[in-house]
Amino acid sequence: MSVSGSKSMAFERGRELGCETIQVFIRNVRGWLSKPLDQKDIDEFLKTKEEFKREIWPIISHNSYLINLASIDKEKLEKSYTAMLDELNKATQLGIEYEIMHPGVIPISDKKEISKDEAFLQIATQLNKLMEETNGSKVKILLETTAGQGKGLGNKFHHFETIISKINDKSRIGICFDTAHSFAAGYDFTTKKKYNEMWDHFDSTIGLKYLCAFHLNDTEKELGSRVDRHTHIGQGKIGKEPFGFLLNDERFRDLPGIIETPKGKDLKEDKMNLKTLRSLIK
Ligand SMILES: [Zn+2]
């Protein structure tokens with residue numbers, strides 16, 4: 001949800017769509033620098049959040065796309081760490097429940113490349129440091145499942161199991177399952193049988209207790225294509241029906257679902273996608 005105007009405007013926009021949860025960006029997502037929040041904005045956001053609590057909860061923040069905790073470039077890693085710390089501090093100030101991040105990308109460089117295991121260890125070490133530095137914060141970090149484009153990590157469930165096993169405070173870590181990404185990563189959940197098998201696999205590798213949120217997106221790209229291209233619900237390769245499996249799954253009843261489908265300036269497309277999703281609820 002856009003925060004243009006003011007951060008608390010996102011709640012009004014959410015209400016217009018009948019949202020029960022919203023995702024926002026709380027800092028510049030395409031740049032490293034971000035001004036501190038001013039107290040007036042924080043107070044206004046917290047007041048609005050409290051007013052909307054019964055209608056719209058939890059609130060999710062998505063981190064900057066530049067952040068890469070798997071970077072081997074010292075300067076890039078430091079920038080990533082500092083930006084992520086800023087995200088977490090701001091999310092804490094705003095009383096936001098979840099901060100979503102992609103696990104990381106192994107950088108392609110002419111220098112020596114690190115292995116996946118080294119990357120997982122580095123990500124976990126960085127996350128542990130971040131959690132220590134934000135000790136006392138209630139913000140939970142959600143690692144998002146990815147399509148695995150290029151050298152992107154997070155396209156296999158066992159990647160998350162490896163990272164989580166190295167996290168000291170497991171009460172502050174969770175998973176956001178993105179339908180478009182995981183489908184592109186090769187996870188097929190388009191029939192009830194395959195859907196059940198996938199969640200059994202998720203449960204036996206990561207554990208369903210870590211699942212905290214969904215990104216509900218259809219995708220233009222084929223199963224296993226490893227390309228990330230979101231599209232409107234029911235108009236892509238996943239199709240409408242599998243979203244119905246998710247929406248009617250008792251286990252996920254209380255988990256928030258966010259659409260990240262293409263949108264214009266007004267809320268027309270969001271209305272359409274939410275209508276499609278709601279029509280699937282039995
Ligand atoms: Zn997503």
# chains A, B, ... in the order shown; residues from 1 in each chain; ligands from 1
call {"tool": "residues_around", "arguments": {"residues": "segment 256-268 of chain A", "least_positions_apart": "5", "cutoff": "7 Å", "atoms": "only C-alpha atoms", "output": "list of chain:residue names"}}
result
A:Thr21, A:Ile22, A:Gln23, A:Ala213, A:Phe214, A:His215, A:Leu216, A:Asn217, A:His230, A:Thr231, A:His232
call {"tool": "write_last_selection", "arguments": {"atoms": "N, CA and C atoms", "output": "PDB file, in the first residue's frame"}}
result
ATOM      1  N   THR A  21      -5.227  -6.567   6.377  1.00  0.00           N
ATOM      2  CA  THR A  21      -3.799  -6.416   6.653  1.00  0.00           C
ATOM      3  C   THR A  21      -3.239  -5.540   5.531  1.00  0.00           C
ATOM      4  N   ILE A  22      -2.127  -4.870   5.769  1.00  0.00           N
ATOM      5  CA  ILE A  22      -1.480  -4.112   4.688  1.00  0.00           C
ATOM      6  C   ILE A  22       0.035  -4.270   4.763  1.00  0.00           C
ATOM      7  N   GLN A  23       0.654  -4.098   3.594  1.00  0.00           N
ATOM      8  CA  GLN A  23       2.118  -4.082   3.526  1.00  0.00           C
ATOM      9  C   GLN A  23       2.548  -2.710   3.022  1.00  0.00           C
ATOM     10  N   ALA A 213       3.219 -15.414   7.014  1.00  0.00           N
ATOM     11  CA  ALA A 213       2.504 -14.559   6.060  1.00  0.00           C
ATOM     12  C   ALA A 213       2.598 -15.129   4.648  1.00  0.00           C
ATOM     13  N   PHE A 214       1.681 -14.650   3.806  1.00  0.00           N
ATOM     14  CA  PHE A 214       1.682 -15.031   2.392  1.00  0.00           C
ATOM     15  C   PHE A 214       1.764 -13.789   1.507  1.00  0.00           C
ATOM     16  N   HIS A 215       2.471 -13.927   0.404  1.00  0.00           N
ATOM     17  CA  HIS A 215       2.339 -12.993  -0.701  1.00  0.00           C
ATOM     18  C   HIS A 215       1.554 -13.738  -1.758  1.00  0.00           C
ATOM     19  N   LEU A 216       0.376 -13.236  -2.073  1.00  0.00           N
ATOM     20  CA  LEU A 216      -0.508 -13.923  -3.019  1.00  0.00           C
ATOM     21  C   LEU A 216      -0.421 -13.253  -4.383  1.00  0.00           C
ATOM     22  N   ASN A 217       0.354 -13.839  -5.252  1.00  0.00           N
ATOM     23  CA  ASN A 217       0.546 -13.295  -6.592  1.00  0.00           C
ATOM     24  C   ASN A 217       0.483 -14.427  -7.601  1.00  0.00           C
ATOM     25  N   HIS A 230       5.300 -11.050 -11.483  1.00  0.00           N
ATOM     26  CA  HIS A 230       3.950 -11.111 -10.898  1.00  0.00           C
ATOM     27  C   HIS A 230       2.865 -10.700 -11.893  1.00  0.00           C
ATOM     28  N   THR A 231       1.708 -11.364 -11.778  1.00  0.00           N
ATOM     29  CA  THR A 231       0.559 -10.915 -12.561  1.00  0.00           C
ATOM     30  C   THR A 231      -0.731 -11.075 -11.752  1.00  0.00           C
ATOM     31  N   HIS A 232      -1.844 -10.609 -12.328  1.00  0.00           N
ATOM     32  CA  HIS A 232      -3.135 -10.633 -11.636  1.00  0.00           C
ATOM     33  C   HIS A 232      -3.575 -12.068 -11.309  1.00  0.00           C
TER      34      HIS A 232
END
call {"tool": "residues_around", "arguments": {"residues": "segment 69-83 of chain A", "least_positions_apart": "4", "cutoff": "8 Å", "atoms": "only C-alpha atoms", "output": "short mmCIF file (atom, residue, chain, number, x, y, z; two decimals) with all heavy atoms, in the first residue's frame"}}
result
data_model
loop_
_atom_site.label_atom_id
_atom_site.label_comp_id
_atom_site.auth_asym_id
_atom_site.auth_seq_id
_atom_site.Cartn_x
_atom_site.Cartn_y
_atom_site.Cartn_z
N TRP A 32 20.08 3.94 -0.68
CA TRP A 32 20.67 3.56 0.61
C TRP A 32 20.29 4.51 1.72
O TRP A 32 20.22 4.14 2.87
CB TRP A 32 22.20 3.49 0.50
CG TRP A 32 22.68 2.33 -0.31
CD1 TRP A 32 23.33 2.40 -1.52
CD2 TRP A 32 22.57 0.94 0.00
NE1 TRP A 32 23.62 1.14 -1.98
CE2 TRP A 32 23.17 0.22 -1.06
CE3 TRP A 32 22.03 0.23 1.07
CZ2 TRP A 32 23.24 -1.16 -1.08
CZ3 TRP A 32 22.09 -1.16 1.05
CH2 TRP A 32 22.69 -1.84 -0.01
N LEU A 33 20.11 5.78 1.34
CA LEU A 33 19.91 6.78 2.38
C LEU A 33 18.44 6.94 2.71
O LEU A 33 17.56 6.82 1.86
CB LEU A 33 20.49 8.13 1.93
CG LEU A 33 22.02 8.13 1.79
CD1 LEU A 33 22.48 9.46 1.22
CD2 LEU A 33 22.69 7.84 3.12
N SER A 64 14.17 -2.76 1.75
CA SER A 64 14.71 -2.23 0.50
C SER A 64 15.24 -3.35 -0.39
O SER A 64 15.82 -4.32 0.11
CB SER A 64 15.84 -1.26 0.82
OG SER A 64 16.71 -1.14 -0.27
N GLU A 87 15.80 -0.19 8.87
CA GLU A 87 14.46 -0.74 8.63
C GLU A 87 13.86 -1.24 9.95
O GLU A 87 12.71 -0.96 10.27
CB GLU A 87 14.51 -1.96 7.69
CG GLU A 87 15.01 -1.71 6.30
CD GLU A 87 13.90 -1.44 5.29
OE1 GLU A 87 12.72 -1.43 5.70
OE2 GLU A 87 14.23 -1.22 4.11
N PRO A 103 16.19 -13.52 1.37
CA PRO A 103 17.38 -14.02 2.09
C PRO A 103 18.70 -13.43 1.61
O PRO A 103 19.56 -13.11 2.42
CB PRO A 103 17.33 -15.53 1.84
CG PRO A 103 15.93 -15.83 1.48
CD PRO A 103 15.38 -14.61 0.82
N GLY A 104 18.86 -13.28 0.30
CA GLY A 104 20.11 -12.71 -0.21
C GLY A 104 20.48 -13.30 -1.55
O GLY A 104 19.88 -14.27 -2.02
N VAL A 105 21.47 -12.69 -2.16
CA VAL A 105 21.94 -13.12 -3.48
C VAL A 105 23.45 -13.30 -3.41
O VAL A 105 24.15 -12.43 -2.90
CB VAL A 105 21.60 -12.05 -4.56
CG1 VAL A 105 22.08 -12.49 -5.93
CG2 VAL A 105 20.12 -11.74 -4.57
N ILE A 106 23.94 -14.42 -3.93
CA ILE A 106 25.39 -14.59 -4.01
C ILE A 106 25.87 -13.71 -5.16
O ILE A 106 25.44 -13.88 -6.30
CB ILE A 106 25.78 -16.07 -4.25
CG1 ILE A 106 25.38 -16.91 -3.02
CG2 ILE A 106 27.28 -16.20 -4.52
CD1 ILE A 106 25.75 -18.38 -3.12
N PRO A 107 26.70 -12.72 -4.85
CA PRO A 107 27.10 -11.79 -5.91
C PRO A 107 28.02 -12.45 -6.94
O PRO A 107 28.84 -13.29 -6.57
CB PRO A 107 27.83 -10.69 -5.16
CG PRO A 107 27.98 -11.14 -3.76
CD PRO A 107 27.40 -12.50 -3.60
N ILE A 114 31.58 -17.19 -3.02
CA ILE A 114 31.34 -17.99 -1.82
C ILE A 114 30.32 -19.08 -2.12
O ILE A 114 29.49 -18.95 -3.02
CB ILE A 114 30.91 -17.14 -0.59
CG1 ILE A 114 29.66 -16.30 -0.88
CG2 ILE A 114 32.06 -16.27 -0.11
CD1 ILE A 114 29.05 -15.68 0.37
N ALA A 119 27.29 -18.55 2.39
CA ALA A 119 26.31 -17.45 2.30
C ALA A 119 25.25 -17.57 3.40
O ALA A 119 24.92 -16.60 4.05
CB ALA A 119 25.64 -17.45 0.93
N PHE A 120 24.75 -18.80 3.62
CA PHE A 120 23.74 -18.99 4.67
C PHE A 120 24.30 -18.62 6.04
O PHE A 120 23.62 -18.00 6.85
CB PHE A 120 23.24 -20.45 4.70
CG PHE A 120 22.52 -20.86 3.45
CD1 PHE A 120 22.71 -22.12 2.89
CD2 PHE A 120 21.64 -19.99 2.83
CE1 PHE A 120 22.05 -22.49 1.73
CE2 PHE A 120 20.97 -20.35 1.67
CZ PHE A 120 21.18 -21.61 1.12
N GLN A 122 26.73 -16.52 6.66
CA GLN A 122 26.89 -15.06 6.73
C GLN A 122 25.55 -14.38 6.99
O GLN A 122 25.44 -13.47 7.81
CB GLN A 122 27.53 -14.52 5.46
CG GLN A 122 27.69 -13.00 5.51
CD GLN A 122 28.43 -12.44 4.31
OE1 GLN A 122 29.53 -12.89 4.00
NE2 GLN A 122 27.83 -11.47 3.65
N ILE A 123 24.51 -14.83 6.28
CA ILE A 123 23.17 -14.24 6.46
C ILE A 123 22.73 -14.41 7.92
O ILE A 123 22.29 -13.46 8.56
CB ILE A 123 22.14 -14.89 5.50
CG1 ILE A 123 22.47 -14.53 4.05
CG2 ILE A 123 20.71 -14.46 5.84
CD1 ILE A 123 21.77 -15.41 3.01
N GLN A 126 24.69 -12.16 10.27
CA GLN A 126 24.22 -10.78 10.16
C GLN A 126 22.87 -10.61 10.86
O GLN A 126 22.65 -9.62 11.56
CB GLN A 126 24.09 -10.40 8.68
CG GLN A 126 25.39 -10.40 7.91
CD GLN A 126 26.26 -9.20 8.24
OE1 GLN A 126 25.79 -8.08 8.30
NE2 GLN A 126 27.53 -9.45 8.50
N LEU A 130 21.87 -8.21 13.97
CA LEU A 130 20.75 -7.26 13.86
C LEU A 130 19.76 -7.44 15.01
O LEU A 130 19.26 -6.48 15.57
CB LEU A 130 20.03 -7.44 12.52
CG LEU A 130 20.74 -6.88 11.29
CD1 LEU A 130 20.18 -7.48 10.01
CD2 LEU A 130 20.65 -5.35 11.26
#
call {"tool": "closest_residue", "arguments": {"among": "A:Asn168, A:Arg27, A:His201, A:Glu269", "to": "Tyr65 of chain A", "atoms": "only C-alpha atoms"}}
result
A:Arg27
call {"tool": "closest_residue", "arguments": {"among": "A:Leu277, A:Leu255, A:Leu46, A:Ile175", "to": "ligand 1", "atoms": "only C-alpha atoms and all ligand atoms"}}
result
A:Ile175
call {"tool": "residues_around", "arguments": {"residues": "Asp228 of chain A", "least_positions_apart": "4", "cutoff": "12 Å", "atoms": "only C-alpha atoms", "output": "PyMOL selection string"}}
result
chain A and resi 145-150+152+155+178-186+217-224+260-261
call {"tool": "decode", "arguments": {"residues": "segment 183-196 of chain A", "atoms": "all heavy atoms", "output": "short mmCIF file (atom, residue, chain, number, x, y, z; two decimals), in the first residue's frame"}}
result
data_model
loop_
_atom_site.label_atom_id
_atom_site.label_comp_id
_atom_site.auth_asym_id
_atom_site.auth_seq_id
_atom_site.Cartn_x
_atom_site.Cartn_y
_atom_site.Cartn_z
N PHE A 183 6.35 -20.89 -7.03
CA PHE A 183 5.93 -21.58 -8.25
C PHE A 183 7.06 -21.48 -9.29
O PHE A 183 7.45 -22.49 -9.89
CB PHE A 183 4.63 -20.96 -8.79
CG PHE A 183 4.07 -21.65 -10.00
CD1 PHE A 183 3.34 -22.82 -9.87
CD2 PHE A 183 4.27 -21.12 -11.28
CE1 PHE A 183 2.81 -23.46 -10.99
CE2 PHE A 183 3.74 -21.75 -12.40
CZ PHE A 183 3.01 -22.92 -12.25
N ALA A 184 7.60 -20.29 -9.46
CA ALA A 184 8.71 -20.11 -10.40
C ALA A 184 9.94 -20.90 -9.95
O ALA A 184 10.76 -21.33 -10.76
CB ALA A 184 9.06 -18.63 -10.53
N ALA A 185 10.06 -21.09 -8.64
CA ALA A 185 11.20 -21.86 -8.11
C ALA A 185 11.02 -23.36 -8.34
O ALA A 185 11.95 -24.14 -8.13
CB ALA A 185 11.36 -21.58 -6.62
N GLY A 186 9.81 -23.77 -8.75
CA GLY A 186 9.59 -25.18 -9.07
C GLY A 186 8.63 -25.90 -8.14
O GLY A 186 8.43 -27.10 -8.28
N TYR A 187 8.05 -25.18 -7.17
CA TYR A 187 7.08 -25.82 -6.27
C TYR A 187 5.69 -25.78 -6.92
O TYR A 187 5.13 -24.71 -7.11
CB TYR A 187 7.06 -25.14 -4.90
CG TYR A 187 8.31 -25.42 -4.11
CD1 TYR A 187 9.33 -24.48 -3.99
CD2 TYR A 187 8.50 -26.66 -3.50
CE1 TYR A 187 10.49 -24.75 -3.28
CE2 TYR A 187 9.66 -26.96 -2.78
CZ TYR A 187 10.65 -26.00 -2.69
OH TYR A 187 11.80 -26.27 -1.99
N ASP A 188 5.20 -26.96 -7.22
CA ASP A 188 3.89 -27.07 -7.87
C ASP A 188 2.82 -27.31 -6.81
O ASP A 188 2.90 -28.27 -6.05
CB ASP A 188 3.93 -28.23 -8.89
CG ASP A 188 2.70 -28.24 -9.79
OD1 ASP A 188 1.78 -27.42 -9.57
OD2 ASP A 188 2.66 -29.08 -10.71
N PHE A 189 1.84 -26.43 -6.76
CA PHE A 189 0.74 -26.58 -5.79
C PHE A 189 -0.59 -26.38 -6.50
O PHE A 189 -1.55 -25.88 -5.92
CB PHE A 189 0.92 -25.62 -4.61
CG PHE A 189 1.20 -24.19 -5.01
CD1 PHE A 189 0.17 -23.27 -5.17
CD2 PHE A 189 2.51 -23.76 -5.26
CE1 PHE A 189 0.42 -21.96 -5.55
CE2 PHE A 189 2.77 -22.44 -5.65
CZ PHE A 189 1.73 -21.54 -5.79
N THR A 190 -0.61 -26.75 -7.79
CA THR A 190 -1.79 -26.46 -8.60
C THR A 190 -2.87 -27.54 -8.55
O THR A 190 -3.95 -27.35 -9.10
CB THR A 190 -1.39 -26.21 -10.07
OG1 THR A 190 -0.61 -27.33 -10.51
CG2 THR A 190 -0.55 -24.94 -10.21
N THR A 191 -2.57 -28.69 -7.95
CA THR A 191 -3.64 -29.66 -7.69
C THR A 191 -3.67 -29.88 -6.19
O THR A 191 -2.67 -29.63 -5.51
CB THR A 191 -3.37 -31.02 -8.38
OG1 THR A 191 -2.21 -31.62 -7.76
CG2 THR A 191 -3.12 -30.89 -9.87
N LYS A 192 -4.79 -30.35 -5.69
CA LYS A 192 -4.92 -30.54 -4.24
C LYS A 192 -3.85 -31.49 -3.71
O LYS A 192 -3.27 -31.26 -2.65
CB LYS A 192 -6.33 -31.07 -3.90
CG LYS A 192 -6.74 -30.87 -2.45
CD LYS A 192 -6.87 -29.39 -2.09
CE LYS A 192 -6.66 -29.09 -0.62
NZ LYS A 192 -7.83 -29.21 0.21
N LYS A 193 -3.55 -32.53 -4.51
CA LYS A 193 -2.56 -33.51 -4.08
C LYS A 193 -1.17 -32.87 -3.98
O LYS A 193 -0.48 -33.02 -2.98
CB LYS A 193 -2.56 -34.68 -5.08
CG LYS A 193 -1.67 -35.84 -4.69
CD LYS A 193 -1.88 -37.04 -5.62
CE LYS A 193 -0.86 -38.13 -5.36
NZ LYS A 193 0.46 -37.85 -5.95
N LYS A 194 -0.80 -32.15 -5.03
CA LYS A 194 0.51 -31.50 -5.03
C LYS A 194 0.60 -30.41 -3.96
O LYS A 194 1.65 -30.20 -3.35
CB LYS A 194 0.80 -30.91 -6.42
CG LYS A 194 1.15 -31.97 -7.43
CD LYS A 194 1.32 -31.39 -8.81
CE LYS A 194 1.70 -32.48 -9.79
NZ LYS A 194 1.46 -32.06 -11.19
N TYR A 195 -0.52 -29.73 -3.76
CA TYR A 195 -0.60 -28.69 -2.72
C TYR A 195 -0.29 -29.31 -1.35
O TYR A 195 0.56 -28.81 -0.61
CB TYR A 195 -2.00 -28.08 -2.75
CG TYR A 195 -2.30 -27.13 -1.62
CD1 TYR A 195 -1.98 -25.77 -1.71
CD2 TYR A 195 -2.91 -27.58 -0.44
CE1 TYR A 195 -2.25 -24.90 -0.68
CE2 TYR A 195 -3.18 -26.71 0.61
CZ TYR A 195 -2.85 -25.37 0.49
OH TYR A 195 -3.12 -24.52 1.52
N ASN A 196 -0.96 -30.42 -1.07
CA ASN A 196 -0.74 -31.08 0.23
C ASN A 196 0.69 -31.60 0.37
O ASN A 196 1.29 -31.48 1.44
CB ASN A 196 -1.74 -32.23 0.42
CG ASN A 196 -3.13 -31.71 0.71
OD1 ASN A 196 -3.29 -30.64 1.32
ND2 ASN A 196 -4.15 -32.42 0.26
#
